[in-house]
>>> print(open('entry.pdb').read())   # PDB, C-alpha atoms, pLDDT in the B column
ATOM      1  CA  MET W 153       0.000   0.000   0.000  1.00 80.00           C
ATOM      2  CA  LYS W 154       1.421   3.364  -1.056  1.00 92.00           C
ATOM      3  CA  LEU W 155       0.986   6.373   1.227  1.00 96.00           C
ATOM      4  CA  GLU W 156       1.216   9.910  -0.181  1.00 96.00           C
ATOM      5  CA  VAL W 157       1.061  13.072   1.928  1.00 97.00           C
ATOM      6  CA  THR W 158       0.746  16.234  -0.169  1.00 96.00           C
ATOM      7  CA  GLY W 159       0.734  19.837   1.057  1.00 96.00           C
ATOM      8  CA  LEU W 160      -0.495  18.810   4.507  1.00 96.00           C
ATOM      9  CA  SER W 161      -1.046  21.562   7.078  1.00 96.00           C
ATOM     10  CA  PHE W 162      -2.657  21.425  10.520  1.00 95.00           C
ATOM     11  CA  ALA W 163      -2.952  23.745  13.520  1.00 94.00           C
ATOM     12  CA  TYR W 164      -4.325  23.522  17.042  1.00 92.00           C
ATOM     13  CA  GLY W 165      -6.256  26.775  17.172  1.00 89.00           C
ATOM     14  CA  GLN W 166      -3.781  29.522  16.260  1.00 89.00           C
ATOM     15  CA  ARG W 167      -0.721  27.293  16.776  1.00 92.00           C
ATOM     16  CA  PRO W 168       0.538  25.723  13.526  1.00 93.00           C
ATOM     17  CA  VAL W 169       1.890  22.181  14.040  1.00 95.00           C
ATOM     18  CA  ILE W 170       2.392  20.902  10.484  1.00 96.00           C
ATOM     19  CA  ASP W 171       3.058  23.184   7.512  1.00 93.00           C
ATOM     20  CA  ASP W 172       3.007  22.163   3.844  1.00 94.00           C
ATOM     21  CA  LEU W 173       4.248  18.609   4.500  1.00 96.00           C
ATOM     22  CA  HIS W 174       5.088  16.362   1.546  1.00 96.00           C
ATOM     23  CA  PHE W 175       6.352  12.767   1.520  1.00 96.00           C
ATOM     24  CA  VAL W 176       5.709   9.326   0.021  1.00 96.00           C
ATOM     25  CA  VAL W 177       6.014   5.832   1.525  1.00 96.00           C
ATOM     26  CA  ARG W 178       6.028   3.167  -1.157  1.00 94.00           C
ATOM     27  CA  GLN W 179       4.549  -0.322  -0.891  1.00 91.00           C
ATOM     28  CA  GLY W 180       6.634  -2.514   1.440  1.00 90.00           C
ATOM     29  CA  GLU W 181       8.954   0.293   2.563  1.00 93.00           C
ATOM     30  CA  PHE W 182      10.122   0.947   6.109  1.00 93.00           C
ATOM     31  CA  VAL W 183      10.389   4.728   6.561  1.00 96.00           C
ATOM     32  CA  SER W 184      11.438   6.366   9.837  1.00 96.00           C
ATOM     33  CA  LEU W 185      10.612   9.869  11.022  1.00 96.00           C
ATOM     34  CA  ILE W 186      13.156  11.597  13.258  1.00 95.00           C
ATOM     35  CA  GLY W 187      12.902  15.112  14.595  1.00 92.00           C
ATOM     36  CA  PRO W 188      12.781  17.273  17.731  1.00 88.00           C
ATOM     37  CA  SER W 189      10.334  16.487  20.528  1.00 85.00           C
ATOM     38  CA  GLY W 190       7.089  18.368  20.014  1.00 84.00           C
ATOM     39  CA  SER W 191       7.592  18.724  16.285  1.00 86.00           C
ATOM     40  CA  GLY W 192       4.213  17.161  15.472  1.00 89.00           C
ATOM     41  CA  LYS W 193       5.096  13.540  14.690  1.00 90.00           C
ATOM     42  CA  SER W 194       2.304  12.050  16.805  1.00 89.00           C
ATOM     43  CA  THR W 195      -0.144  14.628  15.435  1.00 93.00           C
ATOM     44  CA  LEU W 196       0.766  13.395  11.960  1.00 95.00           C
ATOM     45  CA  PHE W 197      -0.263   9.880  12.986  1.00 93.00           C
ATOM     46  CA  TYR W 198      -3.590  11.227  14.293  1.00 93.00           C
ATOM     47  CA  LEU W 199      -4.139  12.808  10.877  1.00 95.00           C
ATOM     48  CA  LEU W 200      -3.225   9.617   9.020  1.00 95.00           C
ATOM     49  CA  GLY W 201      -5.559   7.625  11.265  1.00 93.00           C
ATOM     50  CA  GLY W 202      -8.481   9.998  10.770  1.00 93.00           C
ATOM     51  CA  LEU W 203      -8.618  11.257  14.382  1.00 92.00           C
ATOM     52  CA  HIS W 204      -7.938  14.776  13.055  1.00 93.00           C
ATOM     53  CA  CYS W 205      -8.678  16.228   9.640  1.00 93.00           C
ATOM     54  CA  PRO W 206      -6.076  18.448   7.936  1.00 93.00           C
ATOM     55  CA  GLN W 207      -7.020  22.032   7.241  1.00 93.00           C
ATOM     56  CA  VAL W 208      -5.034  21.935   3.986  1.00 95.00           C
ATOM     57  CA  GLY W 209      -3.604  19.128   1.861  1.00 96.00           C
ATOM     58  CA  GLU W 210      -4.330  15.504   1.067  1.00 96.00           C
ATOM     59  CA  ILE W 211      -3.607  12.043   2.449  1.00 97.00           C
ATOM     60  CA  LEU W 212      -3.756   9.343  -0.228  1.00 96.00           C
ATOM     61  CA  LEU W 213      -3.634   5.557   0.095  1.00 94.00           C
ATOM     62  CA  ASP W 214      -3.096   3.865  -3.245  1.00 93.00           C
ATOM     63  CA  GLY W 215      -4.359   7.061  -4.860  1.00 93.00           C
ATOM     64  CA  GLN W 216      -7.556   7.290  -2.802  1.00 94.00           C
ATOM     65  CA  ARG W 217      -8.127  10.376  -0.623  1.00 96.00           C
ATOM     66  CA  ILE W 218      -8.679   9.386   3.024  1.00 95.00           C
ATOM     67  CA  ASN W 219      -8.707  12.783   4.823  1.00 96.00           C
ATOM     68  CA  GLY W 220     -10.615  12.370   8.098  1.00 93.00           C
ATOM     69  CA  GLU W 221     -11.372   8.672   7.473  1.00 93.00           C
ATOM     70  CA  ARG W 222     -10.640   5.984  10.061  1.00 91.00           C
ATOM     71  CA  GLY W 223      -9.853   2.296   9.721  1.00 87.00           C
ATOM     72  CA  HIS W 224      -7.224   2.429   6.975  1.00 91.00           C
ATOM     73  CA  LEU W 225      -4.130   1.684   9.071  1.00 91.00           C
ATOM     74  CA  ALA W 226      -2.887  -0.125  12.158  1.00 88.00           C
ATOM     75  CA  TYR W 227      -1.383   1.975  14.937  1.00 88.00           C
ATOM     76  CA  MET W 228       0.994   0.983  17.722  1.00 85.00           C
ATOM     77  CA  PRO W 229       1.775   3.542  20.464  1.00 80.00           C
ATOM     78  CA  GLN W 230       4.843   3.760  22.686  1.00 79.00           C
ATOM     79  CA  GLN W 231       3.069   1.927  25.508  1.00 81.00           C
ATOM     80  CA  PRO W 232       1.505  -1.462  24.687  1.00 83.00           C
ATOM     81  CA  SER W 233      -1.942  -0.383  26.005  1.00 88.00           C
ATOM     82  CA  LEU W 234      -3.105  -3.952  26.578  1.00 92.00           C
ATOM     83  CA  MET W 235      -6.398  -4.627  28.327  1.00 93.00           C
ATOM     84  CA  PRO W 236      -5.468  -6.136  31.709  1.00 95.00           C
ATOM     85  CA  TRP W 237      -8.666  -8.184  32.022  1.00 96.00           C
ATOM     86  CA  ARG W 238      -8.124  -9.976  28.717  1.00 96.00           C
ATOM     87  CA  THR W 239      -5.681 -12.808  28.112  1.00 96.00           C
ATOM     88  CA  ILE W 240      -2.857 -12.401  25.590  1.00 95.00           C
ATOM     89  CA  LEU W 241      -4.874 -14.294  22.985  1.00 94.00           C
ATOM     90  CA  ASP W 242      -7.941 -12.139  23.630  1.00 94.00           C
ATOM     91  CA  ASN W 243      -5.868  -8.937  23.408  1.00 93.00           C
ATOM     92  CA  VAL W 244      -4.581  -9.989  19.989  1.00 92.00           C
ATOM     93  CA  ARG W 245      -8.060 -11.157  18.946  1.00 92.00           C
ATOM     94  CA  LEU W 246      -9.406  -7.678  19.697  1.00 90.00           C
ATOM     95  CA  ALA W 247      -7.954  -6.364  16.438  1.00 84.00           C
ATOM     96  CA  GLN W 248      -9.959  -8.909  14.468  1.00 86.00           C
ATOM     97  CA  GLU W 249     -13.096  -8.200  16.488  1.00 86.00           C
ATOM     98  CA  LEU W 250     -12.861  -4.513  15.619  1.00 81.00           C
ATOM     99  CA  SER W 251     -12.147  -5.128  11.945  1.00 75.00           C
ATOM    100  CA  GLY W 252     -14.870  -7.772  11.626  1.00 75.00           C
ATOM    101  CA  HIS W 253     -12.406 -10.252  10.129  1.00 76.00           C
ATOM    102  CA  LYS W 254     -12.057 -13.325  12.356  1.00 80.00           C
ATOM    103  CA  ASP W 255      -9.281 -15.764  11.528  1.00 82.00           C
ATOM    104  CA  PRO W 256      -8.212 -18.051  14.411  1.00 85.00           C
ATOM    105  CA  THR W 257      -5.527 -19.632  12.217  1.00 86.00           C
ATOM    106  CA  GLN W 258      -3.880 -16.254  11.696  1.00 85.00           C
ATOM    107  CA  LEU W 259      -3.886 -15.592  15.451  1.00 89.00           C
ATOM    108  CA  THR W 260      -2.177 -18.921  16.100  1.00 89.00           C
ATOM    109  CA  HIS W 261       0.398 -18.177  13.397  1.00 84.00           C
ATOM    110  CA  LEU W 262       1.151 -14.712  14.766  1.00 84.00           C
ATOM    111  CA  LEU W 263       1.448 -15.878  18.366  1.00 88.00           C
ATOM    112  CA  ARG W 264       3.750 -18.715  17.363  1.00 85.00           C
ATOM    113  CA  GLY W 265       5.893 -16.443  15.195  1.00 79.00           C
ATOM    114  CA  ALA W 266       6.261 -13.975  18.077  1.00 79.00           C
ATOM    115  CA  GLY W 267       7.214 -16.722  20.542  1.00 83.00           C
ATOM    116  CA  LEU W 268       4.028 -16.133  22.533  1.00 88.00           C
ATOM    117  CA  ALA W 269       2.058 -19.310  21.886  1.00 90.00           C
ATOM    118  CA  GLU W 270       2.933 -20.737  25.294  1.00 92.00           C
ATOM    119  CA  VAL W 271       1.707 -17.633  27.140  1.00 94.00           C
ATOM    120  CA  ALA W 272      -1.490 -17.088  25.114  1.00 93.00           C
ATOM    121  CA  ASP W 273      -3.688 -17.827  28.154  1.00 94.00           C
ATOM    122  CA  ARG W 274      -1.793 -15.499  30.511  1.00 95.00           C
ATOM    123  CA  TYR W 275      -2.593 -11.877  31.353  1.00 96.00           C
ATOM    124  CA  PRO W 276      -0.504  -8.793  30.490  1.00 94.00           C
ATOM    125  CA  HIS W 277       0.811  -8.242  34.025  1.00 94.00           C
ATOM    126  CA  GLU W 278       2.410 -11.694  33.891  1.00 95.00           C
ATOM    127  CA  LEU W 279       4.650 -10.754  30.945  1.00 93.00           C
ATOM    128  CA  SER W 280       7.833  -8.688  30.676  1.00 88.00           C
ATOM    129  CA  GLY W 281       7.830  -5.276  28.974  1.00 84.00           C
ATOM    130  CA  GLY W 282       9.377  -6.703  25.821  1.00 83.00           C
ATOM    131  CA  MET W 283       6.795  -9.485  25.598  1.00 87.00           C
ATOM    132  CA  GLN W 284       3.978  -6.980  26.087  1.00 90.00           C
ATOM    133  CA  GLN W 285       5.357  -4.941  23.178  1.00 85.00           C
ATOM    134  CA  ARG W 286       5.384  -8.059  21.026  1.00 85.00           C
ATOM    135  CA  VAL W 287       1.723  -8.647  21.908  1.00 91.00           C
ATOM    136  CA  ALA W 288       0.881  -5.055  20.945  1.00 88.00           C
ATOM    137  CA  PHE W 289       2.724  -5.402  17.658  1.00 83.00           C
ATOM    138  CA  ILE W 290       1.066  -8.649  16.577  1.00 84.00           C
ATOM    139  CA  ARG W 291      -2.280  -7.163  17.616  1.00 89.00           C
ATOM    140  CA  ALA W 292      -1.563  -4.450  15.044  1.00 85.00           C
ATOM    141  CA  LEU W 293      -0.665  -7.100  12.457  1.00 82.00           C
ATOM    142  CA  ALA W 294      -3.896  -9.000  13.218  1.00 85.00           C
ATOM    143  CA  SER W 295      -5.915  -5.984  12.095  1.00 84.00           C
ATOM    144  CA  ASN W 296      -4.942  -6.940   8.520  1.00 81.00           C
ATOM    145  CA  ARG W 297      -4.000  -3.396   7.545  1.00 86.00           C
ATOM    146  CA  ASP W 298      -1.116  -3.092   5.105  1.00 87.00           C
ATOM    147  CA  LEU W 299       0.025   0.254   6.550  1.00 92.00           C
ATOM    148  CA  LEU W 300       1.454   0.187  10.089  1.00 90.00           C
ATOM    149  CA  CYS W 301       2.185   3.403  12.004  1.00 93.00           C
ATOM    150  CA  LEU W 302       4.547   2.740  14.922  1.00 91.00           C
ATOM    151  CA  ASP W 303       4.977   5.601  17.413  1.00 89.00           C
ATOM    152  CA  GLU W 304       8.250   4.972  19.296  1.00 86.00           C
ATOM    153  CA  PRO W 305       7.225   1.387  20.142  1.00 81.00           C
ATOM    154  CA  PHE W 306      10.579   0.549  21.768  1.00 79.00           C
ATOM    155  CA  GLY W 307      11.249   3.887  23.440  1.00 77.00           C
ATOM    156  CA  SER W 308      10.328   2.762  26.968  1.00 72.00           C
ATOM    157  CA  LEU W 309      12.380  -0.447  26.902  1.00 76.00           C
ATOM    158  CA  ASP W 310      15.835  -0.982  28.395  1.00 79.00           C
ATOM    159  CA  ALA W 311      18.760  -1.137  25.958  1.00 81.00           C
ATOM    160  CA  LEU W 312      19.077  -4.940  25.854  1.00 80.00           C
ATOM    161  CA  THR W 313      15.335  -5.548  25.436  1.00 76.00           C
ATOM    162  CA  ARG W 314      15.209  -2.838  22.786  1.00 79.00           C
ATOM    163  CA  THR W 315      17.965  -4.542  20.779  1.00 81.00           C
ATOM    164  CA  ARG W 316      16.147  -7.864  21.024  1.00 78.00           C
ATOM    165  CA  MET W 317      12.907  -6.250  19.861  1.00 77.00           C
ATOM    166  CA  GLN W 318      14.632  -4.619  16.894  1.00 81.00           C
ATOM    167  CA  THR W 319      16.081  -7.988  15.862  1.00 80.00           C
ATOM    168  CA  TRP W 320      12.690  -9.649  16.278  1.00 77.00           C
ATOM    169  CA  LEU W 321      10.932  -6.957  14.252  1.00 78.00           C
ATOM    170  CA  LEU W 322      13.373  -7.234  11.342  1.00 79.00           C
ATOM    171  CA  ARG W 323      13.008 -10.999  11.301  1.00 76.00           C
ATOM    172  CA  LEU W 324       9.222 -10.791  11.441  1.00 74.00           C
ATOM    173  CA  LEU W 325       9.035  -8.274   8.601  1.00 75.00           C
ATOM    174  CA  GLU W 326      10.895 -10.663   6.324  1.00 75.00           C
ATOM    175  CA  HIS W 327       7.651 -12.674   6.273  1.00 75.00           C
ATOM    176  CA  GLU W 328       5.038  -9.952   6.907  1.00 72.00           C
ATOM    177  CA  LYS W 329       5.234  -7.675   3.875  1.00 78.00           C
ATOM    178  CA  ARG W 330       3.804  -4.490   5.355  1.00 84.00           C
ATOM    179  CA  THR W 331       4.375  -0.787   4.745  1.00 91.00           C
ATOM    180  CA  ILE W 332       5.832   0.832   7.879  1.00 91.00           C
ATOM    181  CA  LEU W 333       5.957   4.453   9.065  1.00 95.00           C
ATOM    182  CA  PHE W 334       8.050   4.537  12.243  1.00 94.00           C
ATOM    183  CA  ILE W 335       8.655   7.365  14.743  1.00 92.00           C
ATOM    184  CA  THR W 336      11.870   7.207  16.749  1.00 92.00           C
ATOM    185  CA  HIS W 337      14.214   9.579  18.585  1.00 89.00           C
ATOM    186  CA  SER W 338      17.125   7.156  18.137  1.00 91.00           C
ATOM    187  CA  ILE W 339      19.282   7.816  15.083  1.00 93.00           C
ATOM    188  CA  GLU W 340      20.906   4.403  15.416  1.00 92.00           C
ATOM    189  CA  GLU W 341      17.498   2.712  15.505  1.00 91.00           C
ATOM    190  CA  ALA W 342      16.398   4.630  12.416  1.00 94.00           C
ATOM    191  CA  ILE W 343      19.508   3.523  10.509  1.00 94.00           C
ATOM    192  CA  LEU W 344      19.142  -0.042  11.722  1.00 91.00           C
ATOM    193  CA  LEU W 345      15.518  -0.524  10.675  1.00 91.00           C
ATOM    194  CA  SER W 346      14.756   1.825   7.793  1.00 93.00           C
ATOM    195  CA  ASP W 347      14.922   1.895   4.036  1.00 94.00           C
ATOM    196  CA  ARG W 348      14.671   5.700   4.181  1.00 96.00           C
ATOM    197  CA  ILE W 349      14.768   8.321   6.937  1.00 97.00           C
ATOM    198  CA  LEU W 350      12.795  11.559   6.866  1.00 97.00           C
ATOM    199  CA  VAL W 351      14.468  14.273   8.954  1.00 96.00           C
ATOM    200  CA  LEU W 352      11.878  16.693  10.317  1.00 95.00           C
ATOM    201  CA  SER W 353      12.081  20.304  11.450  1.00 93.00           C
ATOM    202  CA  ALA W 354      10.827  21.719  14.725  1.00 91.00           C
ATOM    203  CA  SER W 355       7.166  22.732  14.817  1.00 88.00           C
ATOM    204  CA  PRO W 356       5.604  23.621  12.454  1.00 92.00           C
ATOM    205  CA  MET W 357       6.865  20.387  10.972  1.00 92.00           C
ATOM    206  CA  LYS W 358       8.356  20.056   7.506  1.00 93.00           C
ATOM    207  CA  VAL W 359      10.689  17.503   5.913  1.00 95.00           C
ATOM    208  CA  ILE W 360      14.243  18.890   5.975  1.00 93.00           C
ATOM    209  CA  ARG W 361      15.887  15.998   4.179  1.00 94.00           C
ATOM    210  CA  GLU W 362      15.104  12.539   2.877  1.00 96.00           C
ATOM    211  CA  VAL W 363      18.029  10.179   3.546  1.00 96.00           C
ATOM    212  CA  PRO W 364      18.221   6.691   2.013  1.00 96.00           C
ATOM    213  CA  VAL W 365      19.912   4.034   4.161  1.00 95.00           C
ATOM    214  CA  PRO W 366      22.622   2.432   1.994  1.00 93.00           C
ATOM    215  CA  PHE W 367      22.865  -0.877   3.884  1.00 91.00           C
ATOM    216  CA  ALA W 368      20.974  -4.076   3.070  1.00 85.00           C
ATOM    217  CA  ARG W 369      18.249  -5.070   5.522  1.00 79.00           C
ATOM    218  CA  GLY W 370      18.673  -7.954   7.943  1.00 73.00           C
ATOM    219  CA  GLN W 371      21.469  -9.348  10.062  1.00 72.00           C
ATOM    220  CA  ALA W 372      24.103  -7.956   7.724  1.00 80.00           C
ATOM    221  CA  ARG W 373      23.058  -4.454   8.728  1.00 84.00           C
ATOM    222  CA  TYR W 374      23.782  -5.174  12.397  1.00 81.00           C
ATOM    223  CA  GLU W 375      27.291  -6.121  11.380  1.00 83.00           C
ATOM    224  CA  ARG W 376      27.792  -2.704   9.732  1.00 89.00           C
ATOM    225  CA  ARG W 377      27.326  -0.825  13.014  1.00 86.00           C
ATOM    226  CA  GLY W 378      30.449   1.065  14.010  1.00 87.00           C
ATOM    227  CA  THR W 379      31.920   0.996  10.504  1.00 93.00           C
ATOM    228  CA  LYS W 380      33.214   4.169   8.860  1.00 93.00           C
ATOM    229  CA  GLU W 381      30.170   4.385   6.581  1.00 94.00           C
ATOM    230  CA  TRP W 382      27.715   3.853   9.458  1.00 93.00           C
ATOM    231  CA  LEU W 383      29.319   6.504  11.664  1.00 95.00           C
ATOM    232  CA  ALA W 384      29.451   8.985   8.786  1.00 95.00           C
ATOM    233  CA  LEU W 385      25.706   8.566   8.184  1.00 95.00           C
ATOM    234  CA  GLN W 386      25.010   8.880  11.899  1.00 95.00           C
ATOM    235  CA  ARG W 387      27.008  12.122  12.116  1.00 94.00           C
ATOM    236  CA  GLU W 388      25.249  13.489   9.028  1.00 94.00           C
ATOM    237  CA  LEU W 389      21.845  12.885  10.617  1.00 95.00           C
ATOM    238  CA  GLU W 390      22.937  14.362  13.938  1.00 93.00           C
ATOM    239  CA  THR W 391      24.151  17.501  12.163  1.00 92.00           C
ATOM    240  CA  MET W 392      20.804  17.909  10.424  1.00 91.00           C
ATOM    241  CA  LEU W 393      18.893  17.578  13.700  1.00 88.00           C
ATOM    242  CA  LEU W 394      21.171  19.945  15.618  1.00 84.00           C
ATOM    243  CA  GLY W 395      21.354  22.473  12.821  1.00 70.00           C
TER     244      GLY W 395
END
>>> encode(input="entry.pdb", output="structure tokens")
Amino acid sequence: MKLEVTGLSFAYGQRPVIDDLHFVVRQGEFVSLIGPSGSGKSTLFYLLGGLHCPQVGEILLDGQRINGERGHLAYMPQQPSLMPWRTILDNVRLAQELSGHKDPTQLTHLLRGAGLAEVADRYPHELSGGMQQRVAFIRALASNRDLLCLDEPFGSLDALTRTRMQTWLLRLLEHEKRTILFITHSIEEAILLSDRILVLSASPMKVIREVPVPFARGQARYERRGTKEWLALQRELETMLLG
């Protein structure tokens, strides 16, 4: 599914948050957004999800205008936001209940692929933070939306758990061909996961630069960390954000 944002502008009252924003995410791409805190990244996701309607501009999915429409994408926030009274299986099933598409076989496949099949009958408080994030992510996948918007999903995790989740996500996406728009404050994470990185300005938000990541996806990319090319790209991105 191809996402196109054209001339998008939005303000809260008299305070402009997004101004004349343009970008494209092509089918199957993983695109990260990095920028200052408060620049409007989460507001952009509210616009894409139909919770807000832009004052100016268009949001297109496969060429169809979806301004103000809900139900076209799956969203994963920074916190897993699991329902404590529902089991892990029932939390994942919720996505299918809301979409009206029930597929028990898919749920079993997703739980097994995420290493959660053995804890499907447990409750969220019985799982670690990393496992809860996995539940939240496969709940998003179970909604059967091709476009996934991930809002700093690993930001609250410790460094080791975060690395494990990044590895797991890359491995999972080898089989789940989805289009991903990913918010992160970590330059290293953006380089590690993305096909392209959009560097954003402070509010009102615009795209400063579009930076392709020149390393192949997968385990080979982990092995490039710390190389001359990796560090040069990291410094380039840092300079853009600080400048």
>>> resolve_selection(input="entry.pdb", expression="the PyMOL selection byres ((chain W and resi 293-304) around 6)", output="MDAnalysis selection string")
chainID W and resid 225:230 247:248 290:292 305:307 330:336
>>> atom_distance(input="entry.pdb", atom1="CA of Lys380 (chain W)", atom2="CA of Glu341 (chain W)")
17.1 Å
>>> closest_residue(input="entry.pdb", among="W:Ser355, W:Gln284, W:Asn243, W:Leu173", to="Ser308 (chain W)", atoms="only C-alpha atoms")
W:Gln284
>>> resolve_selection(input="entry.pdb", expression="the PyMOL selection byres ((chain W and resi 261-271) around 10)", output="MDAnalysis selection string")
chainID W and resid 239:241 244 256:260 272:276 278:279 283:284 286:287 289:291 293:294 320:321 323:324 327:328
>>> atom_distance(input="entry.pdb", atom1="CA of Thr391 (chain W)", atom2="CA of Thr158 (chain W)")
26.5 Å
>>> resolve_selection(input="entry.pdb", expression="the PyMOL selection byres ((chain W and resi 174-178) around 7)", output="JSON list (two decimals) with C-alpha atoms, in the coordinates of the input")
[["chain", "number", "residue", "atom", "x", "y", "z"],
["W", 153, "MET", "CA", 0.00, 0.00, 0.00],
["W", 154, "LYS", "CA", 1.42, 3.36, -1.06],
["W", 155, "LEU", "CA", 0.99, 6.37, 1.23],
["W", 156, "GLU", "CA", 1.22, 9.91, -0.18],
["W", 157, "VAL", "CA", 1.06, 13.07, 1.93],
["W", 158, "THR", "CA", 0.75, 16.23, -0.17],
["W", 159, "GLY", "CA", 0.73, 19.84, 1.06],
["W", 160, "LEU", "CA", -0.50, 18.81, 4.51],
["W", 172, "ASP", "CA", 3.01, 22.16, 3.84],
["W", 173, "LEU", "CA", 4.25, 18.61, 4.50],
["W", 179, "GLN", "CA", 4.55, -0.32, -0.89],
["W", 180, "GLY", "CA", 6.63, -2.51, 1.44],
["W", 181, "GLU", "CA", 8.95, 0.29, 2.56],
["W", 183, "VAL", "CA", 10.39, 4.73, 6.56]]
>>> atom_distance(input="entry.pdb", atom1="CA of Leu389 (chain W)", atom2="CA of Leu200 (chain W)")
25.3 Å
>>> axis_aligned_box(input="entry.pdb", around="region 263-273 of chain W", padding_each_side="3 Å", output="JSON")
{"center_x": 1.8, "center_y": -17.4, "center_z": 21.7, "size_x": 16.9, "size_y": 12.8, "size_z": 19.0}
>>> closest_atom_pairs(input="entry.pdb", of="region 289-394 of chain W", to="region 163-169 of chain W", cutoff="10 Å", atoms="all atoms listed in the file", output="Markdown table")
| residue | atom | partner | partner_atom | distance |
| --- | --- | --- | --- | --- |
| W:Ala354 | CA | W:Val169 | CA | 9.0 |
| W:Ser355 | CA | W:Val169 | CA | 5.4 |
| W:Pro356 | CA | W:Val169 | CA | 4.3 |
| W:Met357 | CA | W:Val169 | CA | 6.1 |
| W:Lys358 | CA | W:Val169 | CA | 9.4 |
>>> residues_around(input="entry.pdb", residues="Leu383 (chain W)", least_positions_apart="5", cutoff="12 Å", atoms="all atoms listed in the file", output="JSON, numbers by chain")
{"W": [339, 340, 343, 376, 377, 378, 388, 389, 390]}
>>> residues_near_point(input="entry.pdb", point="(-7.1, -2.0, 25.1)", cutoff="10 Å", atoms="all atoms listed in the file", output="ChimeraX atom specification")
/W:232-238,243-244,246-247,288
>>> write_last_selection(input="entry.pdb", atoms="C-alpha atoms", output="short mmCIF file (atom, residue, chain, number, x, y, z; two decimals), in the coordinates of the input")
data_model
loop_
_atom_site.label_atom_id
_atom_site.label_comp_id
_atom_site.auth_asym_id
_atom_site.auth_seq_id
_atom_site.Cartn_x
_atom_site.Cartn_y
_atom_site.Cartn_z
CA PRO W 232 1.50 -1.46 24.69
CA SER W 233 -1.94 -0.38 26.00
CA LEU W 234 -3.10 -3.95 26.58
CA MET W 235 -6.40 -4.63 28.33
CA PRO W 236 -5.47 -6.14 31.71
CA TRP W 237 -8.67 -8.18 32.02
CA ARG W 238 -8.12 -9.98 28.72
CA ASN W 243 -5.87 -8.94 23.41
CA VAL W 244 -4.58 -9.99 19.99
CA LEU W 246 -9.41 -7.68 19.70
CA ALA W 247 -7.95 -6.36 16.44
CA ALA W 288 0.88 -5.06 20.94
#
>>> closest_residue(input="entry.pdb", among="W:Ala384, W:Met317, W:Leu250, W:Val351", to="Pro366 (chain W)", atoms="all atoms listed in the file")
W:Ala384
>>> closest_residue(input="entry.pdb", among="W:Glu362, W:His224, W:Thr313, W:Phe162", to="Glu210 (chain W)", atoms="only C-alpha atoms")
W:Phe162
>>> closest_residue(input="entry.pdb", among="W:Thr379, W:Arg348, W:Ile360, W:Gly190", to="Met392 (chain W)", atoms="all atoms listed in the file")
W:Ile360
>>> closest_residue(input="entry.pdb", among="W:Asp347, W:Glu381, W:Asp171, W:Asp255", to="Gly209 (chain W)", atoms="all atoms listed in the file")
W:Asp171
>>> closest_residue(input="entry.pdb", among="W:Leu196, W:Gln318, W:Gly223, W:Val363", to="Ile211 (chain W)", atoms="all atoms listed in the file")
W:Leu196
>>> decode(input="entry.pdb", residues="region 169-180 of chain W", atoms="N, CA and C atoms", output="short mmCIF file (atom, residue, chain, number, x, y, z; two decimals), in the first residue's frame")
data_model
loop_
_atom_site.label_atom_id
_atom_site.label_comp_id
_atom_site.auth_asym_id
_atom_site.auth_seq_id
_atom_site.Cartn_x
_atom_site.Cartn_y
_atom_site.Cartn_z
N VAL W 169 1.11 23.36 13.64
CA VAL W 169 1.89 22.18 14.04
C VAL W 169 2.57 21.54 12.84
N ILE W 170 1.87 21.48 11.73
CA ILE W 170 2.39 20.90 10.48
C ILE W 170 2.14 21.91 9.37
N ASP W 171 3.16 22.14 8.53
CA ASP W 171 3.06 23.18 7.51
C ASP W 171 3.57 22.68 6.17
N ASP W 172 2.66 22.51 5.23
CA ASP W 172 3.01 22.16 3.84
C ASP W 172 3.92 20.93 3.80
N LEU W 173 3.47 19.85 4.40
CA LEU W 173 4.25 18.61 4.50
C LEU W 173 4.03 17.74 3.27
N HIS W 174 5.13 17.24 2.71
CA HIS W 174 5.09 16.36 1.55
C HIS W 174 5.99 15.16 1.79
N PHE W 175 5.50 13.95 1.57
CA PHE W 175 6.35 12.77 1.52
C PHE W 175 5.56 11.59 0.96
N VAL W 176 6.30 10.55 0.57
CA VAL W 176 5.71 9.33 0.02
C VAL W 176 6.34 8.13 0.72
N VAL W 177 5.52 7.13 1.04
CA VAL W 177 6.01 5.83 1.53
C VAL W 177 5.51 4.79 0.55
N ARG W 178 6.42 4.12 -0.13
CA ARG W 178 6.03 3.17 -1.16
C ARG W 178 5.68 1.80 -0.56
N GLN W 179 4.97 1.01 -1.32
CA GLN W 179 4.55 -0.32 -0.89
C GLN W 179 5.73 -1.13 -0.36
N GLY W 180 5.61 -1.65 0.86
CA GLY W 180 6.63 -2.51 1.44
C GLY W 180 7.82 -1.80 2.03
#
